[in-house]
$ cat work_7.cif   # mmCIF, C-alpha atoms and all ligand atoms
data_input
#
loop_
_atom_site.label_atom_id
_atom_site.label_comp_id
_atom_site.auth_asym_id
_atom_site.auth_seq_id
_atom_site.Cartn_x
_atom_site.Cartn_y
_atom_site.Cartn_z
CA MET A 1 0.00 0.00 0.00
CA MET A 2 1.27 3.52 -0.83
CA ALA A 3 2.34 5.61 2.17
CA SER A 4 0.39 8.82 2.77
CA GLN A 5 2.48 12.00 2.63
CA ALA A 6 2.94 15.21 4.61
CA THR A 7 5.85 17.57 5.17
CA THR A 8 5.91 17.09 8.95
CA ALA A 9 4.37 14.60 11.35
CA VAL A 10 3.78 15.67 14.94
CA ILE A 11 3.56 12.86 17.49
CA GLY A 12 1.23 13.95 20.29
CA GLY A 13 -1.98 15.98 20.31
CA GLY A 14 -1.30 17.81 23.56
CA LEU A 15 -1.03 21.57 23.66
CA HIS A 16 2.61 21.58 22.63
CA GLY A 17 1.98 19.32 19.62
CA LEU A 18 -0.98 21.47 18.56
CA ALA A 19 0.96 24.72 19.01
CA CYS A 20 3.85 23.39 16.94
CA ALA A 21 1.53 22.08 14.22
CA LEU A 22 -0.12 25.50 14.07
CA ALA A 23 3.24 27.29 13.84
CA LEU A 24 4.36 24.94 11.05
CA ALA A 25 1.12 25.39 9.10
CA VAL A 26 1.47 29.18 9.40
CA ARG A 27 4.95 28.74 7.87
CA GLY A 28 3.38 26.93 4.91
CA GLN A 29 3.94 23.30 5.90
CA ASP A 30 1.59 20.41 5.35
CA VAL A 31 1.25 18.91 8.86
CA VAL A 32 -0.34 15.79 10.32
CA VAL A 33 -0.73 15.30 14.09
CA PHE A 34 -1.00 11.74 15.43
CA GLU A 35 -2.66 11.39 18.83
CA ARG A 36 -2.92 7.96 20.43
CA SER A 37 -6.10 8.78 22.35
CA TRP A 38 -7.76 12.14 21.85
CA VAL A 39 -6.54 15.70 21.76
CA GLY A 40 -5.84 16.96 25.31
CA ARG A 41 -6.24 13.51 26.89
CA ARG A 42 -2.99 13.70 28.88
CA ALA A 43 -1.12 16.47 30.71
CA SER A 44 -2.76 19.22 28.65
CA GLY A 45 -6.24 18.14 29.74
CA ALA A 46 -5.21 17.49 33.36
CA THR A 47 -3.35 20.75 33.87
CA ALA A 48 -4.10 23.39 36.50
CA ALA A 49 -3.28 25.93 33.74
CA GLY A 50 -1.28 28.34 35.85
CA VAL A 51 0.64 30.88 33.75
CA ARG A 52 3.69 31.29 35.95
CA THR A 53 7.04 32.93 35.42
CA LEU A 54 7.49 33.19 39.22
CA GLY A 55 10.15 30.88 40.65
CA ARG A 56 11.20 29.37 37.32
CA ASP A 57 14.49 27.57 36.95
CA PRO A 58 16.98 30.27 35.83
CA ALA A 59 17.44 28.40 32.53
CA GLU A 60 13.73 28.88 31.74
CA ILE A 61 13.20 32.48 32.84
CA ALA A 62 13.90 34.21 29.52
CA LEU A 63 11.68 31.81 27.58
CA SER A 64 8.87 32.01 30.13
CA LEU A 65 8.88 35.82 29.91
CA VAL A 66 8.49 35.68 26.12
CA ALA A 67 5.64 33.19 26.58
CA LEU A 68 4.00 35.46 29.17
CA GLU A 69 3.87 38.38 26.73
CA ARG A 70 2.17 36.05 24.23
CA TRP A 71 -0.41 35.02 26.86
CA HIS A 72 -1.33 38.68 27.29
CA ARG A 73 -2.36 38.78 23.62
CA ILE A 74 -3.19 35.12 23.12
CA ALA A 75 -6.31 35.99 21.10
CA ASP A 76 -4.03 37.32 18.33
CA LEU A 77 -2.63 33.80 18.01
CA VAL A 78 -5.71 31.59 18.42
CA GLY A 79 -8.73 33.93 18.15
CA ASP A 80 -9.83 33.39 21.78
CA ASP A 81 -8.52 34.74 25.09
CA CYS A 82 -8.40 31.14 26.42
CA GLY A 83 -9.86 32.40 29.70
CA PHE A 84 -6.49 33.95 30.51
CA HIS A 85 -6.31 36.54 33.27
CA GLY A 86 -3.10 38.22 34.36
CA SER A 87 -3.97 38.70 38.03
CA GLY A 88 -0.52 37.71 39.26
CA GLN A 89 1.07 34.80 41.06
CA ILE A 90 2.35 35.16 44.63
CA LYS A 91 4.60 32.89 46.68
CA VAL A 92 3.79 33.45 50.34
CA ALA A 93 6.24 33.40 53.28
CA GLU A 94 4.89 32.21 56.62
CA ASN A 95 7.91 33.12 58.76
CA PRO A 96 11.08 35.26 58.62
CA ALA A 97 13.27 32.36 57.40
CA GLU A 98 10.98 31.83 54.39
CA MET A 99 10.92 35.57 53.80
CA GLU A 100 14.73 35.55 53.68
CA SER A 101 14.72 32.70 51.12
CA LEU A 102 12.30 34.72 48.94
CA ALA A 103 14.53 37.81 49.31
CA GLU A 104 17.48 35.70 48.16
CA ARG A 105 15.51 34.53 45.14
CA ALA A 106 14.58 38.16 44.31
CA ARG A 107 18.29 39.09 44.49
CA LEU A 108 19.19 36.19 42.17
CA THR A 109 16.70 37.17 39.46
CA ARG A 110 17.64 40.86 39.78
CA ASP A 111 21.33 40.00 39.42
CA MET A 112 20.41 38.09 36.25
CA GLY A 113 18.87 41.29 34.87
CA PHE A 114 15.18 40.40 35.41
CA ASP A 115 12.67 42.51 37.32
CA HIS A 116 9.49 40.44 37.14
CA GLU A 117 9.77 39.00 40.70
CA GLU A 118 9.09 41.57 43.41
CA LEU A 119 9.38 41.14 47.17
CA ILE A 120 6.29 42.40 49.03
CA ASP A 121 5.66 42.99 52.74
CA ALA A 122 2.74 41.74 54.83
CA ALA A 123 0.62 44.85 54.15
CA GLU A 124 0.91 44.53 50.36
CA LEU A 125 0.28 40.78 50.59
CA ARG A 126 -2.95 41.46 52.48
CA ARG A 127 -3.96 44.12 49.97
CA LEU A 128 -3.54 41.63 47.12
CA VAL A 129 -5.00 38.65 49.01
CA PRO A 130 -7.30 39.91 51.78
CA MET A 131 -8.22 36.35 52.82
CA ILE A 132 -4.62 35.26 53.52
CA SER A 133 -4.00 34.00 57.08
CA PRO A 134 -2.78 36.76 59.46
CA HIS A 135 0.39 34.78 60.30
CA CYS A 136 1.84 35.25 56.75
CA VAL A 137 4.68 37.79 56.72
CA GLY A 138 5.08 38.69 53.03
CA GLY A 139 5.76 37.18 49.66
CA LEU A 140 7.25 37.29 46.20
CA VAL A 141 4.94 38.40 43.41
CA ALA A 142 5.05 38.26 39.61
CA ARG A 143 2.26 40.71 38.89
CA ARG A 144 1.71 39.89 35.18
CA ASP A 145 1.44 36.11 35.76
CA GLY A 146 -1.97 34.47 36.02
CA ALA A 147 -3.92 31.48 34.81
CA ALA A 148 -6.09 30.35 31.89
CA ASP A 149 -8.87 27.87 31.16
CA PRO A 150 -7.17 24.67 29.95
CA HIS A 151 -10.05 23.28 27.92
CA ARG A 152 -10.77 26.57 26.20
CA THR A 153 -7.06 26.74 25.40
CA ILE A 154 -7.03 23.25 23.89
CA ALA A 155 -10.17 24.00 21.85
CA ALA A 156 -8.71 27.30 20.61
CA PHE A 157 -5.38 25.81 19.55
CA ARG A 158 -7.12 22.87 17.87
CA ARG A 159 -9.61 25.06 16.02
CA THR A 160 -6.92 27.43 14.81
CA ALA A 161 -4.55 24.64 13.76
CA GLU A 162 -7.30 22.88 11.79
CA GLY A 163 -8.37 26.21 10.31
CA CYS A 164 -4.80 26.62 9.00
CA GLY A 165 -4.93 23.19 7.33
CA VAL A 166 -3.45 20.88 9.98
CA THR A 167 -4.76 17.30 9.84
CA ILE A 168 -5.38 15.77 13.27
CA ARG A 169 -5.63 11.97 13.46
CA GLU A 170 -6.97 10.84 16.85
CA GLY A 171 -6.96 7.27 18.10
CA ILE A 172 -3.79 6.56 16.12
CA ALA A 173 -0.49 5.65 17.80
CA VAL A 174 2.89 6.01 16.16
CA THR A 175 4.61 2.66 16.66
CA ALA A 176 7.91 3.05 14.74
CA LEU A 177 10.02 5.61 12.89
CA GLU A 178 12.18 4.42 10.00
CA PRO A 179 14.69 6.55 8.07
CA ASP A 180 13.69 6.90 4.45
CA ALA A 181 15.29 8.71 1.49
CA GLY A 182 15.61 12.29 2.78
CA GLY A 183 13.03 11.83 5.51
CA TRP A 184 11.13 9.39 7.71
CA ARG A 185 8.52 6.68 7.42
CA VAL A 186 6.07 7.10 10.29
CA VAL A 187 4.56 3.71 11.06
CA THR A 188 1.23 3.93 12.86
CA ASP A 189 -1.39 1.38 13.84
CA ALA A 190 -3.44 2.75 10.90
CA GLY A 191 -0.93 2.82 8.07
CA THR A 192 2.36 4.44 7.13
CA TRP A 193 3.17 8.06 6.37
CA GLN A 194 6.15 9.47 4.53
CA VAL A 195 7.39 12.80 5.86
CA ARG A 196 10.47 15.02 5.84
CA HIS A 197 10.42 15.93 9.54
CA VAL A 198 9.00 14.47 12.74
CA VAL A 199 8.20 16.41 15.93
CA ASN A 200 8.34 14.42 19.15
CA ALA A 201 5.66 16.08 21.31
CA ALA A 202 4.74 12.83 23.04
CA GLY A 203 4.77 14.16 26.62
CA ALA A 204 5.41 11.37 29.14
CA TRP A 205 6.17 9.05 26.21
CA GLY A 206 8.80 11.35 24.69
CA GLY A 207 11.48 8.92 25.89
CA HIS A 208 9.76 6.06 24.02
CA VAL A 209 9.93 8.06 20.80
CA CYS A 210 13.63 8.71 21.49
CA ARG A 211 14.13 4.94 21.70
CA MET A 212 12.41 4.50 18.31
CA ILE A 213 15.16 6.61 16.71
CA GLY A 214 18.10 5.12 18.61
CA GLU A 215 18.48 8.06 20.97
CA PRO A 216 17.90 6.52 24.43
CA ILE A 217 17.71 9.02 27.30
CA ARG A 218 17.41 9.13 31.08
CA PHE A 219 13.81 10.18 31.58
CA GLY A 220 11.20 9.94 34.32
CA TYR A 221 7.67 11.16 34.86
CA LYS A 222 5.44 12.94 37.36
CA ALA A 223 1.86 12.18 38.31
CA SER A 224 0.83 15.61 39.59
CA MET A 225 -2.59 15.92 41.21
CA VAL A 226 -5.23 18.63 41.35
CA PHE A 227 -8.42 18.81 43.39
CA VAL A 228 -11.38 21.08 42.92
CA THR A 229 -14.00 22.31 45.40
CA GLU A 230 -17.64 23.29 45.13
CA ARG A 231 -18.33 26.81 43.82
CA LEU A 232 -17.83 29.74 46.18
CA THR A 233 -18.42 33.46 45.79
CA PRO A 234 -15.42 35.26 44.25
CA MET A 235 -12.73 35.69 46.93
CA ILE A 236 -9.28 35.66 45.34
CA ARG A 237 -7.77 36.75 42.01
CA PRO A 238 -4.02 35.94 42.10
CA VAL A 239 -2.70 32.38 42.13
CA VAL A 240 -1.05 31.70 45.50
CA SER A 241 1.74 29.25 46.30
CA ALA A 242 3.78 28.86 49.47
CA ALA A 243 7.53 29.06 50.14
CA GLY A 244 7.40 26.21 52.66
CA ARG A 245 4.63 23.96 51.32
CA THR A 246 3.62 22.07 48.20
CA LEU A 247 0.65 24.20 47.26
CA SER A 248 -0.91 26.14 44.44
CA PHE A 249 -4.27 27.76 45.17
CA LYS A 250 -6.55 29.64 42.83
CA GLN A 251 -10.20 30.34 42.13
CA SER A 252 -11.57 29.59 38.69
CA SER A 253 -13.96 31.87 36.84
CA GLN A 254 -16.77 29.42 37.83
CA GLY A 255 -15.98 30.00 41.53
CA THR A 256 -14.41 26.62 42.28
CA LEU A 257 -11.10 26.52 44.16
CA VAL A 258 -8.43 24.67 42.15
CA ILE A 259 -5.72 23.31 44.43
CA GLY A 260 -2.52 21.52 43.44
CA GLY A 261 1.05 22.65 43.04
CA GLY A 262 2.90 19.41 42.51
CA LEU A 263 1.17 17.04 44.96
CA GLN A 264 2.08 13.61 43.58
CA GLY A 265 -0.13 10.60 42.85
CA SER A 266 1.10 7.52 41.04
CA ALA A 267 1.09 6.31 37.43
CA ASP A 268 1.85 3.36 35.20
CA LEU A 269 3.44 4.53 31.96
CA LYS A 270 2.64 1.23 30.18
CA THR A 271 -1.11 1.42 30.70
CA GLY A 272 -1.34 5.17 31.18
CA VAL A 273 -3.42 4.62 34.32
CA THR A 274 -2.95 7.24 37.06
CA GLN A 275 -4.05 7.09 40.67
CA VAL A 276 -4.83 9.75 43.23
CA ASP A 277 -2.99 9.51 46.56
CA PHE A 278 -5.57 10.62 49.13
CA HIS A 279 -2.99 11.03 51.92
CA ALA A 280 -1.02 13.49 49.78
CA LEU A 281 -4.27 15.25 48.83
CA ALA A 282 -5.22 15.57 52.50
CA LYS A 283 -1.88 17.26 53.15
CA GLY A 284 -2.61 19.67 50.28
CA ALA A 285 -6.00 20.40 51.81
CA GLN A 286 -4.35 21.08 55.21
CA SER A 287 -1.90 23.48 53.54
CA ALA A 288 -4.79 25.30 51.86
CA ARG A 289 -6.62 25.59 55.21
CA ALA A 290 -3.45 26.87 56.92
CA LEU A 291 -3.06 29.71 54.44
CA PHE A 292 -6.76 30.38 53.93
CA PRO A 293 -8.59 29.58 57.19
CA ALA A 294 -11.72 31.28 55.78
CA ILE A 295 -12.39 28.36 53.40
CA GLY A 296 -13.56 26.38 56.45
CA THR A 297 -15.24 23.11 55.53
CA VAL A 298 -15.66 23.68 51.80
CA GLN A 299 -16.50 20.44 49.93
CA VAL A 300 -14.00 18.82 47.57
CA VAL A 301 -15.94 17.66 44.51
CA ARG A 302 -13.30 16.00 42.35
CA ALA A 303 -9.61 15.14 42.13
CA TRP A 304 -7.35 13.65 39.49
CA ALA A 305 -3.74 12.78 38.74
CA GLY A 306 -2.16 13.62 35.37
CA LEU A 307 0.89 12.15 33.69
CA GLU A 308 3.79 14.19 32.41
CA GLY A 309 7.39 13.49 31.37
CA ALA A 310 10.14 14.80 33.64
CA PRO A 311 13.93 14.55 33.32
CA ALA A 312 15.87 14.64 36.62
CA ASP A 313 16.70 18.36 36.17
CA LEU A 314 12.98 19.12 35.60
CA LEU A 315 13.77 21.01 32.39
CA PRO A 316 12.10 20.18 29.08
CA VAL A 317 13.78 18.67 26.04
CA ILE A 318 13.58 21.14 23.14
CA GLY A 319 15.47 21.11 19.85
CA PRO A 320 16.84 18.85 17.14
CA SER A 321 17.78 15.25 17.78
CA VAL A 322 21.54 14.80 17.96
CA ARG A 323 21.42 11.33 16.39
CA ALA A 324 18.55 11.42 13.89
CA PRO A 325 18.46 14.31 11.38
CA GLY A 326 14.92 15.51 10.71
CA ILE A 327 13.60 14.67 14.19
CA PHE A 328 12.83 17.53 16.61
CA HIS A 329 11.99 17.18 20.29
CA MET A 330 9.61 19.15 22.52
CA PHE A 331 8.58 17.14 25.56
CA GLY A 332 9.22 16.60 29.26
CA PHE A 333 7.85 19.89 30.56
CA SER A 334 7.96 18.50 34.11
CA GLY A 335 4.72 19.92 35.45
CA HIS A 336 5.17 23.52 34.29
CA GLY A 337 4.81 23.45 30.51
CA PHE A 338 1.39 25.05 30.12
CA GLU A 339 2.89 28.52 30.48
CA LEU A 340 5.38 27.81 27.68
CA VAL A 341 2.77 26.71 25.11
CA PRO A 342 2.69 29.94 23.06
CA VAL A 343 6.44 29.94 22.43
CA VAL A 344 8.00 26.46 22.20
CA GLY A 345 6.07 25.35 19.10
CA GLU A 346 7.29 28.43 17.27
CA ILE A 347 10.88 27.69 18.23
CA VAL A 348 10.66 24.14 16.90
CA ALA A 349 8.87 25.36 13.76
CA ASP A 350 11.71 27.84 13.17
CA TRP A 351 14.28 25.06 13.56
CA ILE A 352 12.41 22.95 11.04
CA THR A 353 11.81 25.66 8.47
CA ARG A 354 14.94 27.87 8.92
CA GLY A 355 17.44 25.61 10.68
CA ARG A 356 17.68 27.97 13.66
CA SER A 357 15.73 29.97 16.22
CA SER A 358 16.39 33.36 17.78
CA HIS A 359 15.84 31.85 21.26
CA ASP A 360 18.65 30.18 23.16
CA ILE A 361 17.57 26.61 23.86
CA GLY A 362 21.00 25.22 24.78
CA ALA A 363 19.89 24.25 28.30
CA PHE A 364 17.18 22.01 26.87
CA ASP A 365 19.38 19.96 24.54
CA VAL A 366 18.50 16.26 24.47
CA ALA A 367 22.25 15.40 24.65
CA ARG A 368 22.33 16.26 28.39
CA LEU A 369 20.14 13.18 29.03
CA SER A 370 21.95 10.73 26.71
CA LEU A 371 22.42 7.19 27.98
C1 LIG A 401 -2.09 17.92 37.27
C2 LIG A 401 -1.20 18.83 36.45
C3 LIG A 401 -1.18 20.20 36.74
C4 LIG A 401 -0.37 21.05 35.97
N1 LIG A 401 -0.40 22.40 36.24
C5 LIG A 401 0.35 23.25 35.48
C6 LIG A 401 0.30 24.65 35.71
O1 LIG A 401 -0.43 25.13 36.57
N2 LIG A 401 1.07 25.47 34.93
C7 LIG A 401 1.89 24.96 33.95
O2 LIG A 401 2.61 25.74 33.28
N3 LIG A 401 1.92 23.62 33.69
C8 LIG A 401 1.18 22.77 34.42
N4 LIG A 401 1.20 21.43 34.17
C9 LIG A 401 2.04 20.94 33.07
C10 LIG A 401 1.40 21.13 31.70
O3 LIG A 401 0.05 20.76 31.74
C11 LIG A 401 2.18 20.28 30.71
O4 LIG A 401 3.55 20.67 30.75
C12 LIG A 401 1.69 20.43 29.28
O5 LIG A 401 0.30 20.25 29.19
C13 LIG A 401 2.41 19.38 28.43
O6 LIG A 401 1.83 19.35 27.14
P1 LIG A 401 2.38 18.33 26.08
O7 LIG A 401 1.67 18.61 24.82
O8 LIG A 401 3.87 18.34 26.11
O9 LIG A 401 1.99 16.88 26.69
P2 LIG A 401 0.60 16.08 26.71
O10 LIG A 401 -0.55 16.98 26.88
O11 LIG A 401 0.78 14.97 27.69
O12 LIG A 401 0.51 15.49 25.24
C14 LIG A 401 1.31 14.44 24.77
C15 LIG A 401 0.42 13.56 23.91
O13 LIG A 401 1.19 12.62 23.18
C16 LIG A 401 0.39 11.48 22.97
N5 LIG A 401 1.28 10.37 22.57
C17 LIG A 401 2.29 9.84 23.29
N6 LIG A 401 2.91 8.86 22.58
C18 LIG A 401 2.25 8.78 21.39
C19 LIG A 401 2.42 7.95 20.25
N7 LIG A 401 3.38 7.02 20.18
N8 LIG A 401 1.58 8.11 19.20
C20 LIG A 401 0.59 9.06 19.25
N9 LIG A 401 0.39 9.87 20.32
C21 LIG A 401 1.22 9.74 21.37
C22 LIG A 401 -0.29 11.28 24.31
O14 LIG A 401 -1.45 10.49 24.20
C23 LIG A 401 -0.56 12.73 24.74
O15 LIG A 401 -1.89 13.15 24.46
C24 LIG A 401 0.41 20.54 34.91
C25 LIG A 401 0.38 19.17 34.62
C26 LIG A 401 -0.43 18.32 35.37
C27 LIG A 401 -0.48 16.87 35.02
#
$ encode --input "work_7.cif" --output "structure tokens"
Amino acid sequence: MMASQATTAVIGGGLHGLACALALAVRGQDVVVFERSWVGRRASGATAAGVRTLGRDPAEIALSLVALERWHRIADLVGDDCGFHGSGQIKVAENPAEMESLAERARLTRDMGFDHEELIDAAELRRLVPMISPHCVGGLVARRDGAADPHRTIAAFRRTAEGCGVTIREGIAVTALEPDAGGWRVVTDAGTWQVRHVVNAAGAWGGHVCRMIGEPIRFGYKASMVFVTERLTPMIRPVVSAAGRTLSFKQSSQGTLVIGGGLQGSADLKTGVTQVDFHALAKGAQSARALFPAIGTVQVVRAWAGLEGAPADLLPVIGPSVRAPGIFHMFGFSGHGFELVPVVGEIVADWITRGRSSHDIGAFDVARLSL
């Protein structure tokens, strides 16, 4: 049977795969996205959708600031504001020692030439978050950060990508990649495609795709959890995390509290099944109560655990394969890749179409993880 053809195949219909497919289509490429289950089924559908530059690994700060500017005009890219609001993110200190660690962080980012992280005292913290517990002594704020609606974001990226001519094939897994004259044969469980380039946007399974092309890497995963409460009247706008606790706390536009921040469940990469750890969730709930005593006995209505790739340094893999020409990686966002969605796809699209990008992605090179 003849192989179908496209210029580029994207493996993975998460937000990063969709964003890259869109950027490639805008640059005139004929793109097919293969998604094993359905678009947004994995990390992109499980995400808490915080748009956070605050507290980023120094290697990611510059990129996250470019992405943040894009979030502030995301409708220009995908015709919808994706429910984004830039109400800020704040990391709260509960005692002087935590305040000192936040001050040190503020010095570090300032010394690097950035001014987006600002130390605030208790009075300013209370002005921004009136419901914060009286024992909190201050915080670090990134005022232009915020959060978005994950499902609106997925729908907007999908709609725009398809509108630009991207073909999305759901329920189709890529099972092998074979070098072919000047390109690659993409073997799927529904036939073979012949393409010039392949984008590995396979999330937690990015390491599997690396194995398909003889580029084995050291790679792990996270099973981050989120829980959501019943609806409450509006009480908080910024997203709040804590210097001394695993916590991220925000209120959605529907009024529910969305609580997470890296609480870990468990997962089986083979089956894709994830499980909530109720003990860890209870700790998260205690942290939320400690910082926000006013929430009292609010009801938790649902909880879930997602699955996301994570190298040991918790930095993503972005850029060309070092062993397989024509293959480009963008995976392993380690629980904080939602914020980067508007920028990474464009970087990979520039590498594919121009052989370079104006952004420095050296820290994300796949070679650092080589086995
Ligand atoms: C609970 C949770 C909360 C989070 N909160 C935040 C947050 O507040 N802020 C933030 O910035 N980030 C957050 N993140 C991280 C963010 O959601 C992810 O970094 C981002 O969604 C990753 O997108 P992706 O496209 O790389 O991966 P995914 O969305 O996982 O997409 C990868 C896709 O590839 C498909 N696939 C894999 N192998 C194959 C194959 N062989 N063939 C075909 N398809 C394949 C999978 O089915 C999957 O759909 C959170 C993540 C989780 C799980």
$ residues_near_ligand --input "work_7.cif" --ligand "ligand LIG 401 (chain A)" --cutoff "6 Å" --atoms "all atoms listed in the file" --output "ChimeraX atom specification"
/A:11-17,34-37,39-44,46-51,172-175,201-203,205,224-226,305-308,331,333-339
$ residues_around --input "work_7.cif" --residues "Phe328 (chain A)" --least-positions-apart "3" --cutoff "6 Å" --atoms "all atoms listed in the file" --output "PyMOL selection string"
chain A and resi 199+319-321
$ residues_near_point --input "work_7.cif" --point "(11.9, 13.8, 19.9)" --cutoff "6 Å" --atoms "only C-alpha atoms" --output "list of chain:residue names"
A:Asn200, A:Cys210, A:Phe328, A:His329
$ closest_residue --input "work_7.cif" --among "A:Leu24, A:Cys136, A:Ala67, A:Ile327" --to "Glu178 (chain A)" --atoms "only C-alpha atoms"
A:Ile327
$ atom_distance --input "work_7.cif" --atom1 "CA of Leu177 (chain A)" --atom2 "CA of Ala267 (chain A)"
26.1 Å
$ atom_distance --input "work_7.cif" --atom1 "CA of Asp121 (chain A)" --atom2 "CA of Ile295 (chain A)"
23.2 Å
$ closest_residue --input "work_7.cif" --among "A:Gly191, A:Ala6, A:Met235, A:Ala25" --to "Glu346 (chain A)" --atoms "all atoms listed in the file"
A:Ala25
$ atom_distance --input "work_7.cif" --atom1 "CA of Thr160 (chain A)" --atom2 "CA of Leu54 (chain A)"
28.9 Å
$ residues_around --input "work_7.cif" --residues "Gly362 (chain A)" --least-positions-apart "6" --cutoff "10 Å" --atoms "all atoms listed in the file" --output "count of residues only"
5
$ residues_around --input "work_7.cif" --residues "Arg237 (chain A)" --least-positions-apart "3" --cutoff "9 Å" --atoms "only C-alpha atoms" --output "ChimeraX atom specification"
/A:85,87-88,128-129,146,234,250-252
$ write_last_selection --input "work_7.cif" --atoms "C-alpha atoms" --output "PDB file, in the frame of the given file"
ATOM      1  CA  HIS A  85      -6.310  36.540  33.270  1.00  0.00           C
ATOM      2  CA  SER A  87      -3.970  38.700  38.030  1.00  0.00           C
ATOM      3  CA  GLY A  88      -0.520  37.710  39.260  1.00  0.00           C
ATOM      4  CA  LEU A 128      -3.540  41.630  47.120  1.00  0.00           C
ATOM      5  CA  VAL A 129      -5.000  38.650  49.010  1.00  0.00           C
ATOM      6  CA  GLY A 146      -1.970  34.470  36.020  1.00  0.00           C
ATOM      7  CA  PRO A 234     -15.420  35.260  44.250  1.00  0.00           C
ATOM      8  CA  LYS A 250      -6.550  29.640  42.830  1.00  0.00           C
ATOM      9  CA  GLN A 251     -10.200  30.340  42.130  1.00  0.00           C
ATOM     10  CA  SER A 252     -11.570  29.590  38.690  1.00  0.00           C
TER      11      SER A 252
END
$ residues_around --input "work_7.cif" --residues "Gly214 (chain A)" --least-positions-apart "2" --cutoff "12 Å" --atoms "all atoms listed in the file" --output "PDB file with C-alpha atoms, keeping the file's coordinate frame"
ATOM      1  CA  ALA A 176       7.910   3.050  14.740  1.00  0.00           C
ATOM      2  CA  LEU A 177      10.020   5.610  12.890  1.00  0.00           C
ATOM      3  CA  GLU A 178      12.180   4.420  10.000  1.00  0.00           C
ATOM      4  CA  PRO A 179      14.690   6.550   8.070  1.00  0.00           C
ATOM      5  CA  GLY A 207      11.480   8.920  25.890  1.00  0.00           C
ATOM      6  CA  HIS A 208       9.760   6.060  24.020  1.00  0.00           C
ATOM      7  CA  VAL A 209       9.930   8.060  20.800  1.00  0.00           C
ATOM      8  CA  CYS A 210      13.630   8.710  21.490  1.00  0.00           C
ATOM      9  CA  ARG A 211      14.130   4.940  21.700  1.00  0.00           C
ATOM     10  CA  MET A 212      12.410   4.500  18.310  1.00  0.00           C
ATOM     11  CA  PRO A 216      17.900   6.520  24.430  1.00  0.00           C
ATOM     12  CA  ILE A 217      17.710   9.020  27.300  1.00  0.00           C
ATOM     13  CA  SER A 321      17.780  15.250  17.780  1.00  0.00           C
ATOM     14  CA  VAL A 322      21.540  14.800  17.960  1.00  0.00           C
ATOM     15  CA  ARG A 323      21.420  11.330  16.390  1.00  0.00           C
ATOM     16  CA  ALA A 324      18.550  11.420  13.890  1.00  0.00           C
ATOM     17  CA  PRO A 325      18.460  14.310  11.380  1.00  0.00           C
ATOM     18  CA  ILE A 327      13.600  14.670  14.190  1.00  0.00           C
ATOM     19  CA  SER A 370      21.950  10.730  26.710  1.00  0.00           C
ATOM     20  CA  LEU A 371      22.420   7.190  27.980  1.00  0.00           C
TER      21      LEU A 371
END
$ residues_around --input "work_7.cif" --residues "Cys82 (chain A)" --least-positions-apart "3" --cutoff "9 Å" --atoms "all atoms listed in the file" --output "NGL selection string"
:A and (71 or 74-75 or 78-79 or 85 or 148-156)
$ closest_residue --input "work_7.cif" --among "A:Val187, A:Ala204, A:Phe249, A:Arg56" --to "Thr271 (chain A)" --atoms "only C-alpha atoms"
A:Ala204
$ closest_residue --input "work_7.cif" --among "A:Gln286, A:Gln5, A:Gln29, A:Ser133" --to "Thr353 (chain A)" --atoms "only C-alpha atoms"
A:Gln29
$ closest_residue --input "work_7.cif" --among "A:Phe292, A:Met330, A:Trp193, A:Thr274" --to "Met2 (chain A)" --atoms "only C-alpha atoms"
A:Trp193
